[in-house]
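Here is the structure we will look at, set down as structure tokens.
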Amino acid sequence: MARHLFVAATPFAFGEAFVGARIAADLKAQGEDVTVIAPQALRPLLQGHAAKIGWLDGASSVLAEAILAVAKEQRCRAVCLVDIAAVTQVLAGLRHSLDPLFASPVPIIGLDMWGLGDTDLVWDYWQETFKTDARVLRWPRLTTVPMARPTAQGAFSCFEPIAPPSAGERAAARAALGIGDGARAIVWPTARWQITREQPMAIRRHMFDATKTLAVRTLAQLGDDVILVHVGPEPMAEGAALGRRYRFLPQIGHARFLDVLRAADLYFGLNVTATSAMSALALGVPAIIGVHSGRLPAAPSPVVRAALAQLEPYPYLMWALGLTRFLGQIFDGNPYVTEALRLVELFDTDAVLAAARAYLRDPAAADAQRHSVAAYRARVDDLPSGVERYRALVAGAWSARARNAERTSR
């Protein structure tokens, strides 16, 4: 029985941690010994996980050394960074060297939620940039699809083994939320890092507030029978304007979240990279993502004019961090954003409403989108699973080490 160590470094990355935890659970189910180390903030996600859980917070000041010390103590066969970008950015933010990890005696496997090999590694957070250490591309990478292109190095199917609910499952999920037969439900999940006060810069705080308000006021125009179910760390103050049409749920375990999605007619978000959108698509729920390319309509709607009175919006694909250039490299020609997700310009009220109404009111439009998603998913599911890809990468890393040792000994 081999031992494996999975490390999540940031308290904000629920999506990355969820994907890593799924692979860890699959390894455990196959008889492997798995330890997951993560910040306390991820406890709701990891509660009851099959693997052993260790909490990272007290070791953050010596993160790289702590990772390697645990791997040595437990005689791990490999260490998986969840994900490669998050762990290395945390280390860089703490001004810690990555050198100990690159010199690791244990193979390092990087969960790559982005497809870093298709980028120049420069993250454009609106007015500031950060470049990931290019040496991370030397590590074997588990690359998630959806998100990366299916042809990316180390690609694996990240779709959960779930399917659209039966009529009975859907009815039960809607009843649990108090959604009547004639109502339409939109589910909008948000993450802890998307809370306004968590933003370090004033312009980003203004952007979060203005775009949140714009999105809620736009969705409010869909009709009195449309309920907005918001799942997040805290309620949106803007939701009060919807009265009983706004339902707030705190961050919940994944099984419960899937039940919420089973009740939905539409998924809505402002972040193209959200893993919750992948879950919605797997359950047959059409997904709309409001983005801003920088273009504004020639004749803005009243709600857009109100937003523009507060700020001059900057472009974003990942609300409201920006990343249009970085993600543009990943999504150029990527079927995830052309066949599965529906991207709409948030500042074009008519476009948002038209897309939402089509999926909420027109069964043919919703079915056509589900068929497009199903065809995309079928191609993605031809890829290896996460645990299959992980095992292959670990075996390959040890084989490469054996070959190097043999050459050195000659």
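Residue numbering restarts at 1 in every chain; chains get A, B, ... in the order shown in the structure tokens, and ligands count up from 1 in that same order.
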Skip Val380 of chain A itself and residues of its chain fewer than 3 positions away, then list as a PDB file with all heavy atoms, in the first residue's frame all residues within 9 Å of it, counting only C-alpha atoms.
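Contents of result13.pdb, freshly written:
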ATOM      1  N   VAL A 145     -10.026  18.936 -17.436  1.00  0.00           N
ATOM      2  CA  VAL A 145     -10.921  19.229 -18.549  1.00  0.00           C
ATOM      3  C   VAL A 145     -12.315  18.819 -18.089  1.00  0.00           C
ATOM      4  O   VAL A 145     -12.522  17.671 -17.709  1.00  0.00           O
ATOM      5  CB  VAL A 145     -10.535  18.432 -19.815  1.00  0.00           C
ATOM      6  CG1 VAL A 145     -11.431  18.820 -20.988  1.00  0.00           C
ATOM      7  CG2 VAL A 145      -9.066  18.650 -20.184  1.00  0.00           C
ATOM      8  N   PRO A 146     -13.286  19.748 -18.053  1.00  0.00           N
ATOM      9  CA  PRO A 146     -13.283  21.103 -18.561  1.00  0.00           C
ATOM     10  C   PRO A 146     -12.293  22.023 -17.842  1.00  0.00           C
ATOM     11  O   PRO A 146     -11.882  21.760 -16.731  1.00  0.00           O
ATOM     12  CB  PRO A 146     -14.709  21.608 -18.302  1.00  0.00           C
ATOM     13  CG  PRO A 146     -15.538  20.415 -18.104  1.00  0.00           C
ATOM     14  CD  PRO A 146     -14.610  19.409 -17.481  1.00  0.00           C
ATOM     15  N   PRO A 150      -9.094  19.699 -24.273  1.00  0.00           N
ATOM     16  CA  PRO A 150      -8.948  18.234 -24.158  1.00  0.00           C
ATOM     17  C   PRO A 150      -7.594  17.723 -24.636  1.00  0.00           C
ATOM     18  O   PRO A 150      -7.188  16.620 -24.274  1.00  0.00           O
ATOM     19  CB  PRO A 150     -10.084  17.694 -25.040  1.00  0.00           C
ATOM     20  CG  PRO A 150     -11.101  18.795 -25.051  1.00  0.00           C
ATOM     21  CD  PRO A 150     -10.309  20.076 -25.022  1.00  0.00           C
ATOM     22  N   PHE A 156      -7.257  15.162 -18.073  1.00  0.00           N
ATOM     23  CA  PHE A 156      -8.151  14.124 -17.551  1.00  0.00           C
ATOM     24  C   PHE A 156      -9.561  14.683 -17.449  1.00  0.00           C
ATOM     25  O   PHE A 156      -9.767  15.895 -17.395  1.00  0.00           O
ATOM     26  CB  PHE A 156      -7.682  13.600 -16.190  1.00  0.00           C
ATOM     27  CG  PHE A 156      -7.877  14.559 -15.043  1.00  0.00           C
ATOM     28  CD1 PHE A 156      -9.017  14.497 -14.252  1.00  0.00           C
ATOM     29  CD2 PHE A 156      -6.919  15.516 -14.741  1.00  0.00           C
ATOM     30  CE1 PHE A 156      -9.193  15.374 -13.185  1.00  0.00           C
ATOM     31  CE2 PHE A 156      -7.083  16.396 -13.683  1.00  0.00           C
ATOM     32  CZ  PHE A 156      -8.226  16.319 -12.899  1.00  0.00           C
ATOM     33  N   SER A 157     -10.547  13.785 -17.444  1.00  0.00           N
ATOM     34  CA  SER A 157     -11.943  14.207 -17.335  1.00  0.00           C
ATOM     35  C   SER A 157     -12.255  14.619 -15.909  1.00  0.00           C
ATOM     36  O   SER A 157     -12.145  13.819 -14.984  1.00  0.00           O
ATOM     37  CB  SER A 157     -12.894  13.087 -17.756  1.00  0.00           C
ATOM     38  OG  SER A 157     -14.242  13.480 -17.504  1.00  0.00           O
ATOM     39  N   CYS A 158     -12.650  15.884 -15.751  1.00  0.00           N
ATOM     40  CA  CYS A 158     -12.965  16.416 -14.435  1.00  0.00           C
ATOM     41  C   CYS A 158     -14.462  16.397 -14.157  1.00  0.00           C
ATOM     42  O   CYS A 158     -14.906  16.818 -13.091  1.00  0.00           O
ATOM     43  CB  CYS A 158     -12.428  17.845 -14.330  1.00  0.00           C
ATOM     44  SG  CYS A 158     -12.372  18.480 -12.638  1.00  0.00           S
ATOM     45  N   PHE A 159     -15.252  15.913 -15.114  1.00  0.00           N
ATOM     46  CA  PHE A 159     -16.683  15.822 -14.870  1.00  0.00           C
ATOM     47  C   PHE A 159     -16.953  14.787 -13.779  1.00  0.00           C
ATOM     48  O   PHE A 159     -16.365  13.707 -13.762  1.00  0.00           O
ATOM     49  CB  PHE A 159     -17.429  15.412 -16.136  1.00  0.00           C
ATOM     50  CG  PHE A 159     -17.791  16.561 -17.035  1.00  0.00           C
ATOM     51  CD1 PHE A 159     -17.331  16.612 -18.342  1.00  0.00           C
ATOM     52  CD2 PHE A 159     -18.592  17.592 -16.580  1.00  0.00           C
ATOM     53  CE1 PHE A 159     -17.661  17.664 -19.173  1.00  0.00           C
ATOM     54  CE2 PHE A 159     -18.935  18.655 -17.405  1.00  0.00           C
ATOM     55  CZ  PHE A 159     -18.468  18.692 -18.706  1.00  0.00           C
ATOM     56  N   ALA A 375     -22.760  16.294 -25.854  1.00  0.00           N
ATOM     57  CA  ALA A 375     -21.788  15.909 -26.878  1.00  0.00           C
ATOM     58  C   ALA A 375     -20.370  16.286 -26.445  1.00  0.00           C
ATOM     59  O   ALA A 375     -19.423  15.514 -26.639  1.00  0.00           O
ATOM     60  CB  ALA A 375     -22.140  16.583 -28.201  1.00  0.00           C
ATOM     61  N   TYR A 376     -20.236  17.466 -25.855  1.00  0.00           N
ATOM     62  CA  TYR A 376     -18.927  17.884 -25.342  1.00  0.00           C
ATOM     63  C   TYR A 376     -18.465  16.958 -24.223  1.00  0.00           C
ATOM     64  O   TYR A 376     -17.321  16.494 -24.205  1.00  0.00           O
ATOM     65  CB  TYR A 376     -19.008  19.326 -24.840  1.00  0.00           C
ATOM     66  CG  TYR A 376     -17.818  19.779 -24.026  1.00  0.00           C
ATOM     67  CD1 TYR A 376     -16.591  20.032 -24.628  1.00  0.00           C
ATOM     68  CD2 TYR A 376     -17.915  19.945 -22.642  1.00  0.00           C
ATOM     69  CE1 TYR A 376     -15.493  20.443 -23.885  1.00  0.00           C
ATOM     70  CE2 TYR A 376     -16.827  20.355 -21.894  1.00  0.00           C
ATOM     71  CZ  TYR A 376     -15.625  20.603 -22.514  1.00  0.00           C
ATOM     72  OH  TYR A 376     -14.536  21.000 -21.771  1.00  0.00           O
ATOM     73  N   ARG A 377     -19.375  16.653 -23.308  1.00  0.00           N
ATOM     74  CA  ARG A 377     -18.999  15.794 -22.179  1.00  0.00           C
ATOM     75  C   ARG A 377     -18.582  14.408 -22.661  1.00  0.00           C
ATOM     76  O   ARG A 377     -17.651  13.812 -22.104  1.00  0.00           O
ATOM     77  CB  ARG A 377     -20.156  15.678 -21.186  1.00  0.00           C
ATOM     78  CG  ARG A 377     -19.802  14.769 -20.024  1.00  0.00           C
ATOM     79  CD  ARG A 377     -20.886  14.650 -18.993  1.00  0.00           C
ATOM     80  NE  ARG A 377     -20.462  13.728 -17.940  1.00  0.00           N
ATOM     81  CZ  ARG A 377     -21.142  13.492 -16.831  1.00  0.00           C
ATOM     82  NH1 ARG A 377     -22.281  14.122 -16.610  1.00  0.00           N
ATOM     83  NH2 ARG A 377     -20.685  12.634 -15.936  1.00  0.00           N
ATOM     84  N   LEU A 383     -11.366  10.831 -22.011  1.00  0.00           N
ATOM     85  CA  LEU A 383     -10.057  11.013 -21.384  1.00  0.00           C
ATOM     86  C   LEU A 383      -9.946  10.122 -20.146  1.00  0.00           C
ATOM     87  O   LEU A 383     -10.958   9.674 -19.600  1.00  0.00           O
ATOM     88  CB  LEU A 383      -9.875  12.476 -20.977  1.00  0.00           C
ATOM     89  CG  LEU A 383      -9.835  13.515 -22.098  1.00  0.00           C
ATOM     90  CD1 LEU A 383      -9.924  14.926 -21.511  1.00  0.00           C
ATOM     91  CD2 LEU A 383      -8.556  13.364 -22.911  1.00  0.00           C
ATOM     92  N   PRO A 384      -8.731   9.878 -19.660  1.00  0.00           N
ATOM     93  CA  PRO A 384      -8.585   9.129 -18.408  1.00  0.00           C
ATOM     94  C   PRO A 384      -9.249   9.877 -17.256  1.00  0.00           C
ATOM     95  O   PRO A 384      -9.433  11.102 -17.299  1.00  0.00           O
ATOM     96  CB  PRO A 384      -7.067   9.076 -18.203  1.00  0.00           C
ATOM     97  CG  PRO A 384      -6.472   9.330 -19.544  1.00  0.00           C
ATOM     98  CD  PRO A 384      -7.423  10.236 -20.261  1.00  0.00           C
TER      99      PRO A 384
END
Exercise for review: For segment 251-265 of chain A, work out the shell of residues within 8 Å, counting only C-alpha atoms and skipping chain neighbours fewer than 2 positions away, then give it as a PyMOL selection string.
Suggested key: chain A and resi 44-45+164-165+169-171+173-174+177+184-187+231-233+249+267+279-280+283+285-286+359-360
Take the residues from that selection and write them out as an mmCIF file, in the first residue's frame, keeping C-alpha atoms.
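Dumped to selection_39.cif:
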data_model
loop_
_atom_site.group_PDB
_atom_site.id
_atom_site.type_symbol
_atom_site.label_atom_id
_atom_site.label_comp_id
_atom_site.auth_asym_id
_atom_site.auth_seq_id
_atom_site.Cartn_x
_atom_site.Cartn_y
_atom_site.Cartn_z
ATOM 1 C CA PRO A 44 -16.911 22.263 5.256
ATOM 2 C CA LEU A 45 -15.667 20.722 2.020
ATOM 3 C CA PRO A 164 -29.353 14.861 -14.850
ATOM 4 C CA PRO A 165 -31.907 14.110 -12.115
ATOM 5 C CA GLU A 169 -35.264 13.670 -7.758
ATOM 6 C CA ARG A 170 -35.839 17.108 -9.211
ATOM 7 C CA ALA A 171 -39.240 17.454 -7.532
ATOM 8 C CA ALA A 173 -34.908 18.923 -4.521
ATOM 9 C CA ARG A 174 -37.299 21.745 -5.392
ATOM 10 C CA LEU A 177 -36.057 24.587 -1.180
ATOM 11 C CA ARG A 184 -38.203 29.073 -12.138
ATOM 12 C CA ALA A 185 -35.000 28.790 -10.090
ATOM 13 C CA ILE A 186 -31.622 30.350 -10.855
ATOM 14 C CA VAL A 187 -28.679 29.166 -8.753
ATOM 15 C CA VAL A 231 -25.116 29.868 -2.256
ATOM 16 C CA GLY A 232 -22.174 31.624 -0.661
ATOM 17 C CA PRO A 233 -20.283 32.663 2.456
ATOM 18 C CA LEU A 249 -27.877 29.296 1.554
ATOM 19 C CA TYR A 267 -26.986 28.317 -13.370
ATOM 20 C CA SER A 279 -21.323 20.377 -11.744
ATOM 21 C CA ALA A 280 -24.333 22.236 -13.128
ATOM 22 C CA LEU A 283 -26.613 17.688 -14.075
ATOM 23 C CA VAL A 285 -28.531 22.626 -15.993
ATOM 24 C CA PRO A 286 -27.733 25.297 -18.625
ATOM 25 C CA TYR A 359 -33.262 28.730 -21.038
ATOM 26 C CA LEU A 360 -35.986 29.520 -18.493
#
Study note, to complete from the structure: Computed gap from atom CA of Asp120 of chain A to atom CA of Ala134 of chain A is 8.8 Å
So that I can check the secondary structure, give me every residue of segment 2-188 of chain A assigned helix (DSSP H, G or I) by backbone DSSP, as an mmCIF file with N, CA and C atoms, in the first residue's frame.
data_model
loop_
_atom_site.group_PDB
_atom_site.id
_atom_site.type_symbol
_atom_site.label_atom_id
_atom_site.label_comp_id
_atom_site.auth_asym_id
_atom_site.auth_seq_id
_atom_site.Cartn_x
_atom_site.Cartn_y
_atom_site.Cartn_z
ATOM 1 N N PHE A 14 -11.964 26.614 -3.095
ATOM 2 C CA PHE A 14 -12.859 25.481 -2.893
ATOM 3 C C PHE A 14 -12.863 24.559 -4.106
ATOM 4 N N GLY A 15 -12.891 25.144 -5.313
ATOM 5 C CA GLY A 15 -12.952 24.324 -6.520
ATOM 6 C C GLY A 15 -11.737 23.440 -6.682
ATOM 7 N N GLU A 16 -10.563 24.023 -6.509
ATOM 8 C CA GLU A 16 -9.332 23.250 -6.632
ATOM 9 C C GLU A 16 -9.281 22.143 -5.580
ATOM 10 N N ALA A 17 -9.642 22.509 -4.345
ATOM 11 C CA ALA A 17 -9.617 21.520 -3.260
ATOM 12 C C ALA A 17 -10.618 20.403 -3.507
ATOM 13 N N PHE A 18 -11.766 20.753 -4.067
ATOM 14 C CA PHE A 18 -12.774 19.730 -4.342
ATOM 15 C C PHE A 18 -12.255 18.721 -5.355
ATOM 16 N N VAL A 19 -11.634 19.200 -6.417
ATOM 17 C CA VAL A 19 -11.112 18.283 -7.443
ATOM 18 C C VAL A 19 -10.005 17.411 -6.856
ATOM 19 N N GLY A 20 -9.083 18.021 -6.107
ATOM 20 C CA GLY A 20 -8.022 17.241 -5.487
ATOM 21 C C GLY A 20 -8.562 16.217 -4.506
ATOM 22 N N ALA A 21 -9.586 16.622 -3.743
ATOM 23 C CA ALA A 21 -10.171 15.701 -2.763
ATOM 24 C C ALA A 21 -10.851 14.520 -3.438
ATOM 25 N N ARG A 22 -11.437 14.745 -4.604
ATOM 26 C CA ARG A 22 -12.069 13.638 -5.337
ATOM 27 C C ARG A 22 -11.026 12.607 -5.759
ATOM 28 N N ILE A 23 -9.889 13.082 -6.267
ATOM 29 C CA ILE A 23 -8.835 12.153 -6.677
ATOM 30 C C ILE A 23 -8.275 11.415 -5.464
ATOM 31 N N ALA A 24 -8.104 12.145 -4.358
ATOM 32 C CA ALA A 24 -7.617 11.513 -3.130
ATOM 33 C C ALA A 24 -8.583 10.433 -2.654
ATOM 34 N N ALA A 25 -9.890 10.720 -2.724
ATOM 35 C CA ALA A 25 -10.891 9.737 -2.297
ATOM 36 C C ALA A 25 -10.868 8.501 -3.189
ATOM 37 N N ASP A 26 -10.671 8.699 -4.490
ATOM 38 C CA ASP A 26 -10.606 7.558 -5.404
ATOM 39 C C ASP A 26 -9.373 6.697 -5.116
ATOM 40 N N LEU A 27 -8.257 7.342 -4.804
ATOM 41 C CA LEU A 27 -7.061 6.587 -4.418
ATOM 42 C C LEU A 27 -7.325 5.772 -3.162
ATOM 43 N N LYS A 28 -7.968 6.416 -2.193
ATOM 44 C CA LYS A 28 -8.295 5.723 -0.933
ATOM 45 C C LYS A 28 -9.191 4.521 -1.207
ATOM 46 N N ALA A 29 -10.166 4.700 -2.099
ATOM 47 C CA ALA A 29 -11.077 3.598 -2.430
ATOM 48 C C ALA A 29 -10.347 2.442 -3.095
ATOM 49 N N GLN A 40 -7.945 25.401 7.459
ATOM 50 C CA GLN A 40 -9.171 25.174 8.227
ATOM 51 C C GLN A 40 -10.409 25.657 7.492
ATOM 52 N N ALA A 41 -10.274 26.711 6.665
ATOM 53 C CA ALA A 41 -11.436 27.266 5.964
ATOM 54 C C ALA A 41 -12.077 26.260 5.011
ATOM 55 N N LEU A 42 -11.336 25.209 4.644
ATOM 56 C CA LEU A 42 -11.876 24.197 3.750
ATOM 57 C C LEU A 42 -12.546 23.049 4.504
ATOM 58 N N ARG A 43 -12.690 23.208 5.798
ATOM 59 C CA ARG A 43 -13.292 22.145 6.608
ATOM 60 C C ARG A 43 -14.685 21.735 6.115
ATOM 61 N N PRO A 44 -15.595 22.695 5.739
ATOM 62 C CA PRO A 44 -16.911 22.263 5.256
ATOM 63 C C PRO A 44 -16.829 21.330 4.049
ATOM 64 N N LEU A 45 -15.821 21.548 3.214
ATOM 65 C CA LEU A 45 -15.667 20.722 2.020
ATOM 66 C C LEU A 45 -15.114 19.344 2.357
ATOM 67 N N LEU A 46 -14.181 19.282 3.314
ATOM 68 C CA LEU A 46 -13.456 18.046 3.596
ATOM 69 C C LEU A 46 -14.034 17.252 4.756
ATOM 70 N N ASP A 57 -2.842 25.531 8.644
ATOM 71 C CA ASP A 57 -2.646 26.921 9.050
ATOM 72 C C ASP A 57 -1.389 27.162 9.885
ATOM 73 N N GLY A 58 -1.108 26.308 10.811
ATOM 74 C CA GLY A 58 0.036 26.550 11.683
ATOM 75 C C GLY A 58 1.380 26.378 11.007
ATOM 76 N N ALA A 59 1.412 25.777 9.813
ATOM 77 C CA ALA A 59 2.681 25.506 9.135
ATOM 78 C C ALA A 59 2.927 26.434 7.956
ATOM 79 N N SER A 60 2.072 27.445 7.759
ATOM 80 C CA SER A 60 2.154 28.245 6.544
ATOM 81 C C SER A 60 3.460 29.028 6.435
ATOM 82 N N SER A 61 4.101 29.335 7.552
ATOM 83 C CA SER A 61 5.332 30.122 7.487
ATOM 84 C C SER A 61 6.517 29.311 6.957
ATOM 85 N N VAL A 62 6.397 28.009 6.971
ATOM 86 C CA VAL A 62 7.454 27.137 6.424
ATOM 87 C C VAL A 62 6.793 26.082 5.544
ATOM 88 N N LEU A 63 5.974 26.538 4.609
ATOM 89 C CA LEU A 63 5.106 25.634 3.869
ATOM 90 C C LEU A 63 5.878 24.584 3.084
ATOM 91 N N ALA A 64 6.843 25.006 2.269
ATOM 92 C CA ALA A 64 7.566 24.033 1.449
ATOM 93 C C ALA A 64 8.260 22.996 2.310
ATOM 94 N N GLU A 65 8.935 23.464 3.368
ATOM 95 C CA GLU A 65 9.636 22.539 4.262
ATOM 96 C C GLU A 65 8.658 21.609 4.968
ATOM 97 N N ALA A 66 7.501 22.157 5.365
ATOM 98 C CA ALA A 66 6.500 21.327 6.056
ATOM 99 C C ALA A 66 5.962 20.233 5.142
ATOM 100 N N ILE A 67 5.720 20.583 3.876
ATOM 101 C CA ILE A 67 5.240 19.590 2.913
ATOM 102 C C ILE A 67 6.235 18.433 2.796
ATOM 103 N N LEU A 68 7.490 18.771 2.618
ATOM 104 C CA LEU A 68 8.510 17.731 2.429
ATOM 105 C C LEU A 68 8.763 16.939 3.696
ATOM 106 N N ALA A 69 8.636 17.609 4.862
ATOM 107 C CA ALA A 69 8.832 16.898 6.123
ATOM 108 C C ALA A 69 7.742 15.842 6.322
ATOM 109 N N VAL A 70 6.487 16.215 6.012
ATOM 110 C CA VAL A 70 5.394 15.248 6.144
ATOM 111 C C VAL A 70 5.576 14.108 5.149
ATOM 112 N N ALA A 71 5.960 14.447 3.917
ATOM 113 C CA ALA A 71 6.163 13.410 2.901
ATOM 114 C C ALA A 71 7.256 12.428 3.316
ATOM 115 N N LYS A 72 8.331 12.957 3.929
ATOM 116 C CA LYS A 72 9.425 12.093 4.383
ATOM 117 C C LYS A 72 8.977 11.228 5.549
ATOM 118 N N GLU A 73 8.296 11.862 6.508
ATOM 119 C CA GLU A 73 7.860 11.136 7.705
ATOM 120 C C GLU A 73 6.930 9.989 7.342
ATOM 121 N N ILE A 84 -1.347 23.497 -8.584
ATOM 122 C CA ILE A 84 0.036 23.914 -8.778
ATOM 123 C C ILE A 84 0.177 25.438 -8.739
ATOM 124 N N ALA A 85 -0.792 26.147 -9.327
ATOM 125 C CA ALA A 85 -0.718 27.611 -9.350
ATOM 126 C C ALA A 85 -0.972 28.184 -7.966
ATOM 127 N N ALA A 86 -1.984 27.658 -7.267
ATOM 128 C CA ALA A 86 -2.323 28.192 -5.947
ATOM 129 C C ALA A 86 -1.183 28.002 -4.951
ATOM 130 N N VAL A 87 -0.604 26.810 -4.908
ATOM 131 C CA VAL A 87 0.462 26.536 -3.941
ATOM 132 C C VAL A 87 1.678 27.409 -4.224
ATOM 133 N N THR A 88 2.064 27.507 -5.490
ATOM 134 C CA THR A 88 3.258 28.286 -5.803
ATOM 135 C C THR A 88 3.017 29.782 -5.617
ATOM 136 N N GLN A 89 1.776 30.252 -5.863
ATOM 137 C CA GLN A 89 1.492 31.672 -5.627
ATOM 138 C C GLN A 89 1.470 31.985 -4.137
ATOM 139 N N VAL A 90 0.968 31.072 -3.321
ATOM 140 C CA VAL A 90 1.011 31.276 -1.872
ATOM 141 C C VAL A 90 2.453 31.381 -1.400
ATOM 142 N N LEU A 91 3.300 30.477 -1.877
ATOM 143 C CA LEU A 91 4.717 30.516 -1.496
ATOM 144 C C LEU A 91 5.376 31.816 -1.951
ATOM 145 N N ALA A 92 5.063 32.245 -3.164
ATOM 146 C CA ALA A 92 5.641 33.493 -3.661
ATOM 147 C C ALA A 92 5.155 34.678 -2.838
ATOM 148 N N GLY A 93 3.861 34.658 -2.464
ATOM 149 C CA GLY A 93 3.321 35.737 -1.647
ATOM 150 C C GLY A 93 3.970 35.815 -0.282
ATOM 151 N N ASP A 99 12.645 26.435 -4.281
ATOM 152 C CA ASP A 99 13.759 25.521 -4.504
ATOM 153 C C ASP A 99 13.626 24.191 -3.762
ATOM 154 N N PRO A 100 13.165 24.204 -2.474
ATOM 155 C CA PRO A 100 13.040 22.905 -1.795
ATOM 156 C C PRO A 100 12.108 21.946 -2.517
ATOM 157 N N LEU A 101 11.031 22.459 -3.109
ATOM 158 C CA LEU A 101 10.107 21.572 -3.814
ATOM 159 C C LEU A 101 10.732 21.049 -5.105
ATOM 160 N N PHE A 102 11.491 21.893 -5.793
ATOM 161 C CA PHE A 102 12.111 21.429 -7.040
ATOM 162 C C PHE A 102 13.233 20.433 -6.774
ATOM 163 N N LEU A 116 -1.733 25.266 -17.758
ATOM 164 C CA LEU A 116 -0.664 26.266 -17.743
ATOM 165 C C LEU A 116 0.261 26.153 -18.950
ATOM 166 N N GLY A 117 0.383 24.959 -19.501
ATOM 167 C CA GLY A 117 1.262 24.774 -20.642
ATOM 168 C C GLY A 117 0.827 25.545 -21.882
ATOM 169 N N ASP A 118 -0.428 25.982 -21.926
ATOM 170 C CA ASP A 118 -0.937 26.763 -23.058
ATOM 171 C C ASP A 118 -0.879 28.261 -22.789
ATOM 172 N N ALA A 134 8.479 29.410 -14.061
ATOM 173 C CA ALA A 134 8.397 28.525 -15.229
ATOM 174 C C ALA A 134 8.838 27.099 -14.911
ATOM 175 N N ARG A 135 9.559 26.905 -13.815
ATOM 176 C CA ARG A 135 10.010 25.558 -13.474
ATOM 177 C C ARG A 135 8.853 24.626 -13.139
ATOM 178 N N VAL A 136 7.668 25.193 -12.823
ATOM 179 C CA VAL A 136 6.544 24.312 -12.491
ATOM 180 C C VAL A 136 6.158 23.445 -13.679
ATOM 181 N N LEU A 137 6.480 23.887 -14.890
ATOM 182 C CA LEU A 137 6.143 23.097 -16.069
ATOM 183 C C LEU A 137 7.001 21.846 -16.189
ATOM 184 N N ARG A 138 8.037 21.744 -15.357
ATOM 185 C CA ARG A 138 8.851 20.518 -15.347
ATOM 186 C C ARG A 138 8.139 19.393 -14.591
ATOM 187 N N ALA A 167 -37.296 12.939 -12.740
ATOM 188 C CA ALA A 167 -38.376 13.863 -12.382
ATOM 189 C C ALA A 167 -38.616 13.840 -10.879
ATOM 190 N N GLY A 168 -38.534 12.656 -10.276
ATOM 191 C CA GLY A 168 -38.747 12.548 -8.836
ATOM 192 C C GLY A 168 -37.648 13.217 -8.032
ATOM 193 N N GLU A 169 -36.393 13.032 -8.456
ATOM 194 C CA GLU A 169 -35.264 13.670 -7.758
ATOM 195 C C GLU A 169 -35.350 15.186 -7.856
ATOM 196 N N ARG A 170 -35.725 15.659 -9.020
ATOM 197 C CA ARG A 170 -35.839 17.108 -9.211
ATOM 198 C C ARG A 170 -36.977 17.674 -8.359
ATOM 199 N N ALA A 171 -38.104 16.982 -8.329
ATOM 200 C CA ALA A 171 -39.240 17.454 -7.532
ATOM 201 C C ALA A 171 -38.873 17.496 -6.054
ATOM 202 N N ALA A 172 -38.153 16.483 -5.574
ATOM 203 C CA ALA A 172 -37.765 16.445 -4.161
ATOM 204 C C ALA A 172 -36.798 17.579 -3.840
ATOM 205 N N ALA A 173 -35.874 17.844 -4.744
ATOM 206 C CA ALA A 173 -34.908 18.923 -4.521
ATOM 207 C C ALA A 173 -35.601 20.276 -4.489
ATOM 208 N N ARG A 174 -36.576 20.468 -5.361
ATOM 209 C CA ARG A 174 -37.299 21.745 -5.392
ATOM 210 C C ARG A 174 -38.188 21.897 -4.152
ATOM 211 N N ALA A 175 -38.791 20.809 -3.730
ATOM 212 C CA ALA A 175 -39.631 20.872 -2.534
ATOM 213 C C ALA A 175 -38.798 21.233 -1.311
ATOM 214 N N ALA A 176 -37.576 20.712 -1.238
ATOM 215 C CA ALA A 176 -36.705 21.001 -0.092
ATOM 216 C C ALA A 176 -36.353 22.476 -0.005
#
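The shortest atom-to-atom distance to Ile108 of chain A, with only C-alpha atoms taken into account, belongs to A:Leu5 out of A:Ala148, A:Ala392, A:Leu5, A:Ile162.
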Check your understanding: Of the candidates A:Trp319, A:Phe347, A:Trp139, A:Tyr125, which shows the shortest atom-to-atom distance to Phe208 of chain A, using only C-alpha atoms?
Key ->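 Residue with the minimum atom-to-atom distance to Phe208 of chain A: A:Trp319.
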Point to revise | Long-range neighbours of Val303 of chain A as number ranges by chain, 9 Å cut-off, only C-alpha atoms, 3 positions minimum in chain | key: A: 213-214, 217-218, 300, 306-308, 347, 349
Check your understanding: For Gly269 of chain A, which residue out of A:Gly386, A:Pro11, A:Gly290, A:Gly328 is the nearest one, using only C-alpha atoms?
Key -> A:Gly290
Review point. What separation in Å, quoted to one decimal, exists between atom CA of Ile203 of chain A and atom CA of Tyr246 of chain A?
Key: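 We find that atom CA of Ile203 of chain A and atom CA of Tyr246 of chain A lie 27.2 Å from each other.
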Check your understanding: Quick one: residues within 7 Å of Met147 of chain A, only C-alpha atoms counted, chain neighbours fewer than 4 positions away excluded, as a list in words?
Key -> Met113, Trp114, Thr273 and Tyr336 of chain A
Neighbours of Asp209 of chain A within 12 Å (only C-alpha atoms; same-chain residues fewer than 3 positions away dropped), as a compact mmCIF listing (two decimals) with C-alpha atoms, in the first residue's frame?
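Output file around.txt follows:
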# COMPACT_ATOMS: atom_id res chain seq x y z
CA GLN A 194 -15.57 37.12 -3.90
CA ILE A 195 -16.65 39.02 -0.79
CA THR A 196 -16.12 42.74 -1.36
CA ARG A 197 -14.17 43.37 1.84
CA GLU A 198 -11.68 40.65 0.90
CA GLN A 199 -10.44 42.76 -2.01
CA ALA A 202 -10.45 50.10 -3.77
CA ILE A 203 -11.09 49.81 -7.51
CA ARG A 204 -11.67 46.07 -7.15
CA ARG A 205 -14.04 46.61 -4.20
CA HIS A 206 -16.03 49.09 -6.28
CA LYS A 212 -23.05 42.40 -8.15
CA THR A 213 -25.74 45.08 -8.00
CA LEU A 214 -25.99 45.14 -11.80
CA ALA A 215 -26.37 41.36 -12.01
CA VAL A 216 -29.11 41.23 -9.34
CA MET A 236 -25.77 39.65 -0.79
CA ALA A 237 -27.19 42.92 0.48
CA GLU A 238 -28.46 43.49 -3.05
CA ALA A 307 -23.59 50.90 -12.57
CA LEU A 308 -21.51 53.11 -14.84
CA GLN A 310 -20.32 54.27 -9.83
CA LEU A 311 -17.18 53.30 -11.76
CA PRO A 313 -15.54 48.94 -15.33
CA TRP A 319 -14.97 38.16 -11.57
CA ALA A 320 -13.65 40.63 -10.72
